Amino acid sequence: MALVELRNVSKIYRLGDEEIRALDDVTLDIDAGEFISIIGPSGSGKSTLMHILGCLDSPSKGTIQLDGVMIQNASPRELAAIRNRKIGFVFQFFNLLPKLTVMQNVELPMIYSGIGGKERRERSMAALEAVGLANRAKHRPSQLSGGQQQRAAIARALVNNPRIVFADEPTGNLDSHTGEAILQLFRKLSQEGRTIVLVTHDPEIAAVTPRRIEIRDGKIAVKIDLALAGLDRVAQSMPQPAGAP
Amino acid sequence: MKSTSLPLQDIEISSAQIWITVQTGLREIWSHKFRSVLTMLGIILGVSSLVAMSAMVSGMEKGAKEALIAIGGLEKVRVEAQDLPIEQRYLSDQAVGITMNDVYALRESAPLVTRISPEMRVPATFSANGKRFRPWNCVGVWPVAVEMNEHVVQYGRMFNKMDDEMARSVCVIGTATRDALWGSPEKTGEEVNPVGQTVFINGLPFTVIGMFQQYESEQDRKLRELAKAQQSNQKGGVARNRGWGRGRGGGAFGFKNRTVYLPLNTVWMKFRSGATWAAVTAGGNTAPAGATGDPRLSSLELKIESVDLLPESLQQIRNVLMSTHKGIEDFTFRTQEDWAEQIKTFVHNARLSGGLIAGISLLVGGIGIMNIMLASISERVREIGIRKSVGAATSDIFIQILVESVVIAILGGLAGLATSFGLVQMIRSFSPTDNAPIVTITALGVAFGFSVLVGVLAGIFPAIKASRLNPIQALRYD
C-alpha cells in the first residue's frame, strides 16, 4: 500500500457563478521513501495539490488516504494533529517566527504535540545537528543567512519525525549556490529514507528527483513535457544535481 | 468517515503547554511594551477606582456604625409618649402616660428586657463661673443609664442608688457643659476637672460629682492627638488651632457630649412634683396640698437580650405596657433598627453606583484590550499560519490569544491594586475625618477578579477570529 493514495481528487472554487477547477480528477500514489517533485507553472494547481496532500486543505471530491488513514472528511482538529505528527513543511520564505530563537522555532511542532521540555530540547538539538545548524541554536532567525534559515525550517519540518515532508519552492528565495546546498540536504534526507515531495516551477530543481509529476490546468499531464521535467538535460546519472557541470 | 480511524484525534492541553502559552503571551507583551502599558492603563484605572470607591464606602459605613454604637447599639429600644391613635382619641383623658409603674411592670413581666432606664427630661439652663449653657439633654435617670448609653465617667463618679434615694442635688456632666462653663482644654490649654464645682440648674444649686469622657470618632481622636503633638512644638499656639474639632459640634458624638445626668428622684422632687424649693428646704419633702405634679417620664430606655429577638421583645414590651396603660396606646417604640437599615441602604446604594462607574471604566479597559488584541492578530496572521501549518489546532490558537489577553488584564489588575493604595492615600488626605477610606481584602479580590473576567471577555472575540484563520491564506499573507 502506498503512503499517500489520491483517488479522483478535485478541488473546486466558486467565484460568483463561475466554477474554477483548481484540481480536476487527480489520482496519484506516493510510496514511502520516494523523492518526488511536483512541477508546473504558477496557477497550474500544484500548490492546491500540495495543500491537499499536506492536510492544509480538504478536497471537494475524491478520497485521500495518508498512511492508511482516510482524511478527506477529517475535522480541522484531526487535520491539525496529522499535520503535526505526520507531515513536515518547508516553505519558500522559510516562515520562521522572528521572535523565537532557532531552537524555539524547531521546538514549535513538539509543543503542539505535547512533548515535555527535556525531550523537546534533545530532539530539536538533534534535528539542528542533522542540518548542520547546532551552533546557531540560540540565534534569532534574523541573525542567520537565508540558507541557514532554510536549514532551520528543515530541522523544524523533521523534528517530529514525519512520514512525509513537503517543500514548496524551497530554493526560490536563495541564490543558486545556497539553493544547491539545500537540495543536497534534501537528497541526503531522501537517501536516509525520508519521503520528500518537492513542489517547484523550476525544471532544474525538479531534475534532482527520480520521479516527477507535472500538473497542468489542474490535471496530471499524461505526457511529460521533457523540457519542463528537466529530462532533456539530465540523464539517468542521479544523484547528479540539475545544471551541474 | 469515522474519526475513530484517526490515531491522533485529541491533543490534551497540559499545564506545561499552558505555561509555554503564557510565556509566549508575556514575550508578545514585552515586545510591545508601550502599547501594552497603554492598554493596561484602562484596567489599572478601572481596578484602582473600584478599590478606592469600595474603600470610601467602607469608611463611611464604619463611621456610621461607630456613631450607632456610640448611642447605645442595636439592642436599645426607646419607649416614648405618642398621641393616641385616631380611634382612641376619646380616651385621651384616661391616658396615663409613661410612668414608673411601667418600669416596675416591665421589670417583673418582661424577661426579654435586660435593663430598664427611665428618663425624665428637664428643660434646663446651667449657670456657673459667670456663664450660661443649655445642654441638649438634661435628664433625671437611674445610675444604670451610664451602661445603657455606653457612657464612661472620666472624672469623679456616677451618682449611685443612695444619691437617687436621697434625691441629692448632684449631677454628672458631659464635656460640652464643662467646655461651655469652664473652658475646653484647647482654649485654656489645660484639662479642667469640674468635679466639686457648684452649678446652678434653673437656679437651683447642684454639685458636679462626675464628668464623662470626651466622645469622638476614632478619626477625630487621631486628629486631636496629632494636633496636640504639633501644638507642643509651637509656642503659644494654644488658641490658634481651630477647626480640627469638626466632629465635636455635630453628629451623634456631639450630642452625647452635651448630656447631663441628674438622679431621677432629684428631678422629680425639685422640678416636677410641684413642691417649691422653699417647701423642700423647709423639711416637708412632700408636695404641698393642692400641688399635683407631673409623674410622667419623658421616655424609657430598654435594653433587650439580643437583636435577633427584637420582634419578640417588642411584642412582650407592648403586652406589658398595654396592660399598664389600660389598652390605651399612648406610647411608641423607637429602635436603632431604622437607623441601621438606613445605613445599610445608603451603603448599598453607594456601592451600587460607585461599582457601576468603576465597572464602566473596567469595561472601557476591556474594550482597549480587545482593540489591541485585534490589531495584534492582524499583525500576526503569518505567525498564526505558521503555527497552524506545524500542527496548532484551532483550540491552540484560541487559547494562545485568550491567554495573552488575560495576561494583559492580570498585569493591569495587579498594577491597579498597587495604584489603588496610592489613590486611597490621596482620598484619605482630603476626605471628611469620620469617613477615612478602608481598603478591604474583599474589595481587592473582587476588583482583581473583575479585571481577569474583563480580560477573558475581551479576549474571546479576537481569539475566535484568530483561530478561524485559514492556514493557507494566512501563510500567503504578507
# chains A, B, ... in the order shown; residues from 1 in each chain; ligands from 1

$ residues_around --residues "Leu38 (chain B)" --least-positions-apart "6" --cutoff "12 Å" --atoms "only C-alpha atoms" --output "list in words"
Ile29, His32, Ile44, Leu45, Gly365, Gly368, Ile369, Asn371, Ile372, Ile408, Ala409 and Gly412 of chain B

$ select_by_dssp --residues "region 91-156 of chain B" --states "alpha helix (DSSP H)" --output "PyMOL selection string"
chain B and resi 100-109+145-148

$ write_last_selection --atoms "C-alpha atoms" --output "mmCIF file, in the first residue's frame"
data_model
loop_
_atom_site.group_PDB
_atom_site.id
_atom_site.type_symbol
_atom_site.label_atom_id
_atom_site.label_comp_id
_atom_site.auth_asym_id
_atom_site.auth_seq_id
_atom_site.Cartn_x
_atom_site.Cartn_y
_atom_site.Cartn_z
ATOM 1 C CA MET B 100 -42.684 54.476 86.958
ATOM 2 C CA ASN B 101 -45.485 51.918 87.046
ATOM 3 C CA ASP B 102 -44.420 50.850 83.593
ATOM 4 C CA VAL B 103 -40.864 50.472 84.790
ATOM 5 C CA TYR B 104 -41.858 48.172 87.636
ATOM 6 C CA ALA B 105 -44.242 46.218 85.459
ATOM 7 C CA LEU B 106 -41.632 45.666 82.758
ATOM 8 C CA ARG B 107 -39.092 44.609 85.337
ATOM 9 C CA GLU B 108 -41.482 41.980 86.646
ATOM 10 C CA SER B 109 -43.105 40.747 83.455
ATOM 11 C CA ALA B 145 -28.205 54.955 82.377
ATOM 12 C CA VAL B 146 -24.419 55.001 82.234
ATOM 13 C CA GLU B 147 -24.211 51.428 80.993
ATOM 14 C CA MET B 148 -27.309 51.876 78.917
#

$ closest_residue --among "B:Arg428, B:His348, B:Arg35, B:Arg382" --to "chain A" --atoms "only C-alpha atoms"
B:Arg382

$ atom_distance --atom1 "CA of Ala130 (chain A)" --atom2 "CA of Ala392 (chain B)"
24.4 Å

$ closest_residue --among "B:Gln17, B:Ser49, B:Gln88, B:Gln425" --to "Ile115 (chain A)" --atoms "only C-alpha atoms"
B:Gln17

$ closest_atom_pairs --of "chain A" --to "chain B" --cutoff "6 Å" --atoms "only C-alpha atoms" --output "tab-separated table"
residue	atom	partner	partner_atom	distance
A:Arg77	CA	B:Ala393	CA	5.4
A:Glu78	CA	B:Gln9	CA	5.1
A:Ala80	CA	B:Gly391	CA	4.6
A:Ala81	CA	B:Gly391	CA	5.8
A:Arg83	CA	B:Gly391	CA	5.0
A:Asn84	CA	B:Gly391	CA	3.8
A:Pro109	CA	B:Val390	CA	5.3
A:Tyr112	CA	B:Ala392	CA	5.7

$ atom_distance --atom1 "CA of Gly147 (chain A)" --atom2 "CA of Phe91 (chain A)"
12.3 Å

$ closest_residue --among "A:Ile196, A:Ala181, A:Ile213, A:Met70" --to "Glu34 (chain A)" --atoms "only C-alpha atoms"
A:Ile196

$ residues_around --residues "Ser10 (chain A)" --least-positions-apart "6" --cutoff "9 Å" --atoms "only C-alpha atoms" --output "PDB file with C-alpha atoms, in the first residue's frame"
ATOM      1  CA  ARG A  21     -11.407  23.611 -11.026  1.00  0.00           C
ATOM      2  CA  ALA A  22      -8.056  24.081  -9.328  1.00  0.00           C
ATOM      3  CA  LEU A  23      -7.664  20.302  -9.269  1.00  0.00           C
ATOM      4  CA  ASP A  24      -9.541  18.130 -11.653  1.00  0.00           C
ATOM      5  CA  ASP A  25      -9.864  14.433 -11.004  1.00  0.00           C
ATOM      6  CA  VAL A  26      -6.325  13.763  -9.839  1.00  0.00           C
ATOM      7  CA  PRO A  59     -10.720  18.249  -1.370  1.00  0.00           C
ATOM      8  CA  SER A  60     -14.157  18.966  -2.846  1.00  0.00           C
ATOM      9  CA  LYS A  61     -14.369  15.462  -4.249  1.00  0.00           C
ATOM     10  CA  GLY A  62     -12.430  12.234  -4.105  1.00  0.00           C
ATOM     11  CA  GLY A 218      -5.401  21.066 -12.517  1.00  0.00           C
TER      12      GLY A 218
END

$ select_by_dssp --residues "region 38-227 of chain A" --states "strand (DSSP E)" --output "ChimeraX atom specification"
/A:38-39,61-66,69-70,87-90,164-168,195-200,211-216,219-220

$ atom_distance --atom1 "CA of Leu144 (chain A)" --atom2 "CA of Ala126 (chain A)"
18.8 Å

$ closest_residue --among "A:Ser176, A:Ser37, A:Gln143, A:Thr195" --to "Ala207 (chain A)" --atoms "only C-alpha atoms"
A:Ser37

$ closest_residue --among "A:Ala134, A:Gln92, A:Arg212, A:Leu185" --to "Gly172 (chain A)" --atoms "only C-alpha atoms"
A:Gln92
